[in-house]
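Enquirer: I'd like to ask some things about the structure below.
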Amino acid sequence: MVYLGMAMMVSMAKPSFLRAEQPLPHDLSAGTSPSSRRRDLVFIVNPRGANGRTGREWKKLLPYLRFRLGSDCNINESLTSGPSHAIDITREAIREGADAVVAVGGDGTLHEVVNGFFWGGKPVSKHDSKVPHTTALGLIPLGTGSDFARTFGWSNDPVDAIERLVKGSRSRIDVGVITKEGGDLHYFINVADIHLSAKAGYHASKYKRFGNLCYVIGALQAFFGHHNHDLKIRVNNGEWELYPQVTALCIGNAQFFGGGMRITPNAHPSSGNFEVVTLQDFKWYDFILKLHRLYNGTHLSVNNVLSRSAFSIEVEEVVGTNSIFVQSDGEHLGFLPRKFSILPAVISMIS
């Protein structure tokens, strides 16, 4: 592969738009008419992802990307410099009228890009009525975890991801929003979870240098000192219910988390609902004996596992300890209480 070296753009170009957004051509490789304007695609890359592997693989991938898309698209590259930078880049790209923002990396980068699609409680595009357009979300999985892609059956091969961009098909997908009284809104595209699994994710984030082994290390660390807790849950704005001895509660917009665990096997980002899976009164040996079922998605028939569909769910502690972890898409958010709601078909995704 030819490295592009200093010719690579480090900061995002700011395109100027004269027309309203149009759908991407069905197949960009087929060419466009002379009158069609070039599409602006913004690629947001975390170069330090997966211990720097994301940045190295991205450099190798760029020549093929330009070969497949460069004749019809402006390829704008933006490298993130730290936490939340991808959120800011995404918001600016949408305001500038980009046709697509493509997350390059793992689920953490995708999570930030998705949060960048929103500002002030609504989609960024809704803030500017003068330039009606729809910026699509794209994904090139290159990070430690690529759990969201698994729901669609997408491989981790970045060449396959580029071919999806070439084809340009779009579909509307749901996004979850998490609220806390007096707190900021937070969005997620994959899985949000509570208690043991969230604590495991919190610890796993400190060991990403070990690749997918970080999830095993995080789980082992989370088990030390773990206690199941009684929780109060309200589904779809109904009555509050008591869930005793909850080990973990997972709210799935998609199916996989934790490096390939199919925790919410009936969830899909176009369904308009979450799948909510609750594990109750699990002991450490239950996870050892049933781990294979958690990974292949057959755990819903196991005792003390409950699955239900919901468009909103509120979760609180019965006895306030302020110690029940909450995370979404592998990102630590703090502690209960929280409310989780679905935003149906709110983002257009290149699929």
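Every chain in the structure tokens takes a letter, A first, then B, and so on in the order presented; its residues are numbered from 1, and the ligands are numbered from 1 following the presented order.
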Set out as JSON lines a contact list for region 103-206 of chain A and region 266-275 of chain A with a cut-off of 12 Å, giving each residue of region 103-206 of chain A that qualifies its closest atom pair and distance in Å to one decimal, counting only C-alpha atoms, ordered by chain and rising residue number.
Expert:
```
{"residue": "A:Phe148", "atom": "CA", "partner": "A:Pro269", "partner_atom": "CA", "distance": 9.6}
{"residue": "A:Ala149", "atom": "CA", "partner": "A:Pro269", "partner_atom": "CA", "distance": 11.1}
{"residue": "A:Arg150", "atom": "CA", "partner": "A:His268", "partner_atom": "CA", "distance": 11.0}
{"residue": "A:Thr151", "atom": "CA", "partner": "A:His268", "partner_atom": "CA", "distance": 7.3}
{"residue": "A:Phe152", "atom": "CA", "partner": "A:His268", "partner_atom": "CA", "distance": 8.7}
{"residue": "A:Gly153", "atom": "CA", "partner": "A:His268", "partner_atom": "CA", "distance": 11.8}
{"residue": "A:Ser171", "atom": "CA", "partner": "A:Ser270", "partner_atom": "CA", "distance": 8.5}
{"residue": "A:Arg172", "atom": "CA", "partner": "A:Ser270", "partner_atom": "CA", "distance": 6.8}
{"residue": "A:Ile173", "atom": "CA", "partner": "A:Ser270", "partner_atom": "CA", "distance": 4.9}
{"residue": "A:Asp174", "atom": "CA", "partner": "A:Pro269", "partner_atom": "CA", "distance": 5.1}
{"residue": "A:Val175", "atom": "CA", "partner": "A:Pro269", "partner_atom": "CA", "distance": 7.3}
{"residue": "A:Gly176", "atom": "CA", "partner": "A:Phe274", "partner_atom": "CA", "distance": 8.3}
{"residue": "A:Val177", "atom": "CA", "partner": "A:Phe274", "partner_atom": "CA", "distance": 11.3}
{"residue": "A:Phe188", "atom": "CA", "partner": "A:Pro269", "partner_atom": "CA", "distance": 10.8}
{"residue": "A:Ile189", "atom": "CA", "partner": "A:Pro269", "partner_atom": "CA", "distance": 7.7}
{"residue": "A:Asn190", "atom": "CA", "partner": "A:Pro269", "partner_atom": "CA", "distance": 8.0}
{"residue": "A:Val191", "atom": "CA", "partner": "A:Phe274", "partner_atom": "CA", "distance": 9.1}
{"residue": "A:Ala192", "atom": "CA", "partner": "A:Phe274", "partner_atom": "CA", "distance": 10.1}
{"residue": "A:Asp193", "atom": "CA", "partner": "A:Glu275", "partner_atom": "CA", "distance": 11.5}
```
Enquirer: Would you save the residues from that selection as a CSV table (one decimal), in the first residue's frame, using N, CA, C and O atoms?
Expert:
```
chain,number,residue,atom,x,y,z
A,148,PHE,N,-21.7,-3.0,17.3
A,148,PHE,CA,-22.8,-2.6,16.6
A,148,PHE,C,-22.9,-3.2,15.2
A,148,PHE,O,-24.0,-3.6,14.8
A,149,ALA,N,-21.8,-3.3,14.5
A,149,ALA,CA,-21.8,-3.9,13.2
A,149,ALA,C,-22.3,-5.3,13.1
A,149,ALA,O,-22.8,-5.7,12.1
A,150,ARG,N,-22.1,-6.0,14.2
A,150,ARG,CA,-22.5,-7.4,14.2
A,150,ARG,C,-24.0,-7.6,14.0
A,150,ARG,O,-24.4,-8.6,13.5
A,151,THR,N,-24.8,-6.7,14.5
A,151,THR,CA,-26.3,-6.8,14.4
A,151,THR,C,-26.7,-6.9,12.9
A,151,THR,O,-27.6,-7.6,12.6
A,152,PHE,N,-26.0,-6.2,12.1
A,152,PHE,CA,-26.3,-6.1,10.7
A,152,PHE,C,-25.5,-7.3,9.9
A,152,PHE,O,-25.7,-7.4,8.7
A,153,GLY,N,-24.8,-8.1,10.6
A,153,GLY,CA,-24.0,-9.1,10.0
A,153,GLY,C,-22.8,-8.6,9.2
A,153,GLY,O,-22.3,-9.3,8.3
A,171,SER,N,-30.8,3.6,5.2
A,171,SER,CA,-31.9,3.1,5.9
A,171,SER,C,-32.0,4.0,7.2
A,171,SER,O,-31.0,4.4,7.8
A,172,ARG,N,-33.3,4.1,7.7
A,172,ARG,CA,-33.5,4.9,8.9
A,172,ARG,C,-33.3,4.0,10.1
A,172,ARG,O,-33.8,2.8,10.1
A,173,ILE,N,-32.6,4.5,11.1
A,173,ILE,CA,-32.4,3.7,12.3
A,173,ILE,C,-32.8,4.5,13.6
A,173,ILE,O,-32.8,5.7,13.6
A,174,ASP,N,-33.1,3.8,14.6
A,174,ASP,CA,-33.4,4.3,15.9
A,174,ASP,C,-32.2,4.7,16.7
A,174,ASP,O,-31.1,4.1,16.5
A,175,VAL,N,-32.4,5.6,17.7
A,175,VAL,CA,-31.3,5.9,18.6
A,175,VAL,C,-32.0,6.0,20.0
A,175,VAL,O,-33.1,6.5,20.1
A,176,GLY,N,-31.2,5.6,21.0
A,176,GLY,CA,-31.7,5.7,22.4
A,176,GLY,C,-31.2,7.0,23.0
A,176,GLY,O,-30.1,7.5,22.7
A,177,VAL,N,-32.0,7.6,23.9
A,177,VAL,CA,-31.6,8.8,24.6
A,177,VAL,C,-31.8,8.5,26.1
A,177,VAL,O,-32.8,7.9,26.5
A,188,PHE,N,-27.4,6.9,22.6
A,188,PHE,CA,-26.6,5.7,22.3
A,188,PHE,C,-27.3,4.9,21.2
A,188,PHE,O,-28.5,5.1,20.9
A,189,ILE,N,-26.5,4.2,20.5
A,189,ILE,CA,-26.9,3.5,19.2
A,189,ILE,C,-27.0,2.0,19.4
A,189,ILE,O,-27.7,1.3,18.7
A,190,ASN,N,-26.2,1.5,20.4
A,190,ASN,CA,-26.1,0.0,20.5
A,190,ASN,C,-26.8,-0.5,21.7
A,190,ASN,O,-27.9,-0.9,21.7
A,191,VAL,N,-26.1,-0.6,22.9
A,191,VAL,CA,-26.7,-1.2,24.1
A,191,VAL,C,-26.3,-0.3,25.3
A,191,VAL,O,-25.1,0.1,25.4
A,192,ALA,N,-27.3,0.0,26.1
A,192,ALA,CA,-27.0,0.6,27.4
A,192,ALA,C,-27.2,-0.4,28.5
A,192,ALA,O,-28.1,-1.3,28.3
A,193,ASP,N,-26.5,-0.4,29.6
A,193,ASP,CA,-26.6,-1.4,30.6
A,193,ASP,C,-26.3,-0.8,32.0
A,193,ASP,O,-25.7,0.2,32.1
```
Enquirer: Run DSSP on the backbone and tell me which residues of region 5-232 of chain A come out as alpha helix (DSSP H); list them as a PyMOL selection string.
Expert: chain A and resi 53-69+85-95+107-116+147-151+158-167+196-204+213-223
Enquirer: Phe256 (chain A): which residues within 10 Å, counting only C-alpha atoms, same-chain residues fewer than 2 positions away excluded, as a PyMOL selection string?
Expert: chain A and resi 146-151+190-191+252-254+258-265+267+294-297+329
Enquirer: Between CA of Thr298 (chain A) and CA of Leu249 (chain A), what is the distance in Å, rounded to a tenth?
Expert: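 Distance between the two atoms: 16.5 Å.
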Enquirer: From the DSSP assignment of the backbone, select every residue of region 87-207 of chain A that is strand (DSSP E or B), and format the answer as a ChimeraX atom specification.
Expert: /A:100-105,118-119,122-123,136-141,170-179,186-188,191-195
Enquirer: I need the residue nearest Gly183 (chain A) from this list: A:Glu163, A:Leu336, A:Pro344, A:Trp58. Use only C-alpha atoms for the distance.
Expert: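 Using only C-alpha atoms, the shortest distance to Gly183 (chain A) belongs to A:Leu336.
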Enquirer: Which residues are near region 320-325 of chain A? Cut-off 7 Å, only C-alpha atoms, ignore same chain within fewer than 6 positions. Put them as a VMD selection string.
Expert: chain A and resid 194 to 195 198 to 199 334 to 336
Enquirer: Could you write those residues out with C-alpha atoms, as a PDB file, in the first residue's frame?
Expert:
```
ATOM      1  CA  ILE A 194     -26.826  -1.180  34.336  1.00  0.00           C
ATOM      2  CA  HIS A 195     -25.039  -2.695  37.345  1.00  0.00           C
ATOM      3  CA  ALA A 198     -21.744  -1.650  33.316  1.00  0.00           C
ATOM      4  CA  LYS A 199     -19.175  -1.994  36.079  1.00  0.00           C
ATOM      5  CA  GLY A 334     -22.279   7.537  36.155  1.00  0.00           C
ATOM      6  CA  PHE A 335     -24.886   5.972  38.388  1.00  0.00           C
ATOM      7  CA  LEU A 336     -28.655   5.479  38.734  1.00  0.00           C
TER       8      LEU A 336
END
```
Enquirer: With distances taken over only C-alpha atoms, which residue among A:Glu92, A:Asn46, A:Ser84, A:Arg38 lies nearest Gly70 (chain A)?
Expert: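 Distance minimum relative to Gly70 (chain A) lands on A:Arg38.
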Enquirer: Find the spatial neighbours of Phe340 (chain A), counting only C-alpha atoms, within a cut-off of 10 Å - ignore same-chain residues fewer than 4 positions away - and output them as JSON, numbers by chain.
Expert: {"A": [176, 177, 178, 179, 180, 186, 187, 188, 192, 235, 236, 251, 274, 310, 311, 312, 313, 314, 315]}
Enquirer: For the selection you just gave me, I'd like the residues written to a file as a PDB file, in the first residue's frame, keeping N, CA and C atoms.
Expert:
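Result saved to part_18.pdb:
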```pdb
ATOM      1  N   GLY A 176     -31.234   5.586  21.015  1.00  0.00           N
ATOM      2  CA  GLY A 176     -31.723   5.731  22.378  1.00  0.00           C
ATOM      3  C   GLY A 176     -31.228   7.023  22.999  1.00  0.00           C
ATOM      4  N   VAL A 177     -32.037   7.607  23.873  1.00  0.00           N
ATOM      5  CA  VAL A 177     -31.624   8.799  24.605  1.00  0.00           C
ATOM      6  C   VAL A 177     -31.775   8.524  26.097  1.00  0.00           C
ATOM      7  N   ILE A 178     -30.770   8.950  26.858  1.00  0.00           N
ATOM      8  CA  ILE A 178     -30.723   8.712  28.298  1.00  0.00           C
ATOM      9  C   ILE A 178     -30.826  10.051  29.010  1.00  0.00           C
ATOM     10  N   THR A 179     -31.738  10.125  29.972  1.00  0.00           N
ATOM     11  CA  THR A 179     -31.956  11.377  30.696  1.00  0.00           C
ATOM     12  C   THR A 179     -31.825  11.149  32.202  1.00  0.00           C
ATOM     13  N   LYS A 180     -31.417  12.219  32.870  1.00  0.00           N
ATOM     14  CA  LYS A 180     -31.342  12.248  34.321  1.00  0.00           C
ATOM     15  C   LYS A 180     -31.806  13.608  34.771  1.00  0.00           C
ATOM     16  N   HIS A 186     -28.014  12.191  26.818  1.00  0.00           N
ATOM     17  CA  HIS A 186     -26.938  11.362  26.276  1.00  0.00           C
ATOM     18  C   HIS A 186     -27.571  10.339  25.336  1.00  0.00           C
ATOM     19  N   TYR A 187     -26.930  10.108  24.192  1.00  0.00           N
ATOM     20  CA  TYR A 187     -27.513   9.256  23.156  1.00  0.00           C
ATOM     21  C   TYR A 187     -26.688   7.989  22.987  1.00  0.00           C
ATOM     22  N   PHE A 188     -27.363   6.897  22.604  1.00  0.00           N
ATOM     23  CA  PHE A 188     -26.645   5.654  22.332  1.00  0.00           C
ATOM     24  C   PHE A 188     -27.289   4.939  21.156  1.00  0.00           C
ATOM     25  N   ALA A 192     -27.275   0.003  26.119  1.00  0.00           N
ATOM     26  CA  ALA A 192     -27.028   0.635  27.414  1.00  0.00           C
ATOM     27  C   ALA A 192     -27.240  -0.428  28.482  1.00  0.00           C
ATOM     28  N   VAL A 235     -41.868   0.792  32.971  1.00  0.00           N
ATOM     29  CA  VAL A 235     -41.797   0.557  31.530  1.00  0.00           C
ATOM     30  C   VAL A 235     -42.928   1.289  30.824  1.00  0.00           C
ATOM     31  N   ASN A 236     -42.583   2.011  29.766  1.00  0.00           N
ATOM     32  CA  ASN A 236     -43.568   2.705  28.921  1.00  0.00           C
ATOM     33  C   ASN A 236     -44.505   3.603  29.722  1.00  0.00           C
ATOM     34  N   ILE A 251     -30.362  -2.670  28.000  1.00  0.00           N
ATOM     35  CA  ILE A 251     -31.359  -2.033  27.135  1.00  0.00           C
ATOM     36  C   ILE A 251     -30.774  -2.001  25.733  1.00  0.00           C
ATOM     37  N   PHE A 274     -36.834  -0.866  22.237  1.00  0.00           N
ATOM     38  CA  PHE A 274     -35.705  -1.557  22.838  1.00  0.00           C
ATOM     39  C   PHE A 274     -36.101  -2.989  23.149  1.00  0.00           C
ATOM     40  N   ALA A 310     -39.810  -2.472  24.943  1.00  0.00           N
ATOM     41  CA  ALA A 310     -40.210  -1.201  25.545  1.00  0.00           C
ATOM     42  C   ALA A 310     -39.727  -0.042  24.692  1.00  0.00           C
ATOM     43  N   PHE A 311     -40.511   1.046  24.688  1.00  0.00           N
ATOM     44  CA  PHE A 311     -40.043   2.277  24.047  1.00  0.00           C
ATOM     45  C   PHE A 311     -39.467   3.253  25.069  1.00  0.00           C
ATOM     46  N   SER A 312     -39.719   2.984  26.376  1.00  0.00           N
ATOM     47  CA  SER A 312     -39.063   3.769  27.426  1.00  0.00           C
ATOM     48  C   SER A 312     -38.992   2.932  28.689  1.00  0.00           C
ATOM     49  N   ILE A 313     -37.954   3.175  29.473  1.00  0.00           N
ATOM     50  CA  ILE A 313     -37.803   2.478  30.746  1.00  0.00           C
ATOM     51  C   ILE A 313     -37.066   3.381  31.721  1.00  0.00           C
ATOM     52  N   GLU A 314     -37.608   3.490  32.921  1.00  0.00           N
ATOM     53  CA  GLU A 314     -36.974   4.250  33.997  1.00  0.00           C
ATOM     54  C   GLU A 314     -36.481   3.271  35.057  1.00  0.00           C
ATOM     55  N   VAL A 315     -35.289   3.514  35.590  1.00  0.00           N
ATOM     56  CA  VAL A 315     -34.686   2.596  36.556  1.00  0.00           C
ATOM     57  C   VAL A 315     -34.149   3.395  37.734  1.00  0.00           C
TER      58      VAL A 315
END
```
Enquirer: For Asn51 (chain A), please output as a PDB file with N, CA, C and O atoms, in the first residue's frame all residues within 9 Å (counting only C-alpha atoms; exclusion window: fewer than 4 positions along the same chain).
Expert:
```pdb
ATOM      1  N   PRO A  47      -7.060   8.089  15.843  1.00  0.00           N
ATOM      2  CA  PRO A  47      -5.791   7.450  15.474  1.00  0.00           C
ATOM      3  C   PRO A  47      -5.156   6.655  16.603  1.00  0.00           C
ATOM      4  O   PRO A  47      -4.303   5.809  16.366  1.00  0.00           O
ATOM      5  N   GLY A  55      -5.175   4.063  13.684  1.00  0.00           N
ATOM      6  CA  GLY A  55      -4.462   5.047  12.872  1.00  0.00           C
ATOM      7  C   GLY A  55      -3.602   4.399  11.809  1.00  0.00           C
ATOM      8  O   GLY A  55      -3.558   4.857  10.660  1.00  0.00           O
ATOM      9  N   THR A 144     -11.201  -1.592  18.772  1.00  0.00           N
ATOM     10  CA  THR A 144     -11.152  -2.770  19.627  1.00  0.00           C
ATOM     11  C   THR A 144     -12.445  -3.552  19.542  1.00  0.00           C
ATOM     12  O   THR A 144     -12.445  -4.768  19.349  1.00  0.00           O
ATOM     13  N   LYS A 208      -7.867  -1.638  27.430  1.00  0.00           N
ATOM     14  CA  LYS A 208      -8.085  -1.815  25.995  1.00  0.00           C
ATOM     15  C   LYS A 208      -6.800  -2.145  25.239  1.00  0.00           C
ATOM     16  O   LYS A 208      -6.864  -2.618  24.110  1.00  0.00           O
ATOM     17  N   ARG A 209      -5.667  -1.907  25.884  1.00  0.00           N
ATOM     18  CA  ARG A 209      -4.403  -2.267  25.228  1.00  0.00           C
ATOM     19  C   ARG A 209      -4.285  -3.777  25.032  1.00  0.00           C
ATOM     20  O   ARG A 209      -3.457  -4.257  24.241  1.00  0.00           O
ATOM     21  N   PHE A 210      -5.132  -4.548  25.739  1.00  0.00           N
ATOM     22  CA  PHE A 210      -5.104  -6.002  25.602  1.00  0.00           C
ATOM     23  C   PHE A 210      -6.135  -6.512  24.594  1.00  0.00           C
ATOM     24  O   PHE A 210      -6.397  -7.710  24.531  1.00  0.00           O
ATOM     25  N   GLY A 211      -6.733  -5.620  23.818  1.00  0.00           N
ATOM     26  CA  GLY A 211      -7.715  -6.039  22.830  1.00  0.00           C
ATOM     27  C   GLY A 211      -8.984  -6.561  23.489  1.00  0.00           C
ATOM     28  O   GLY A 211      -9.387  -6.086  24.555  1.00  0.00           O
TER      29      GLY A 211
END
```
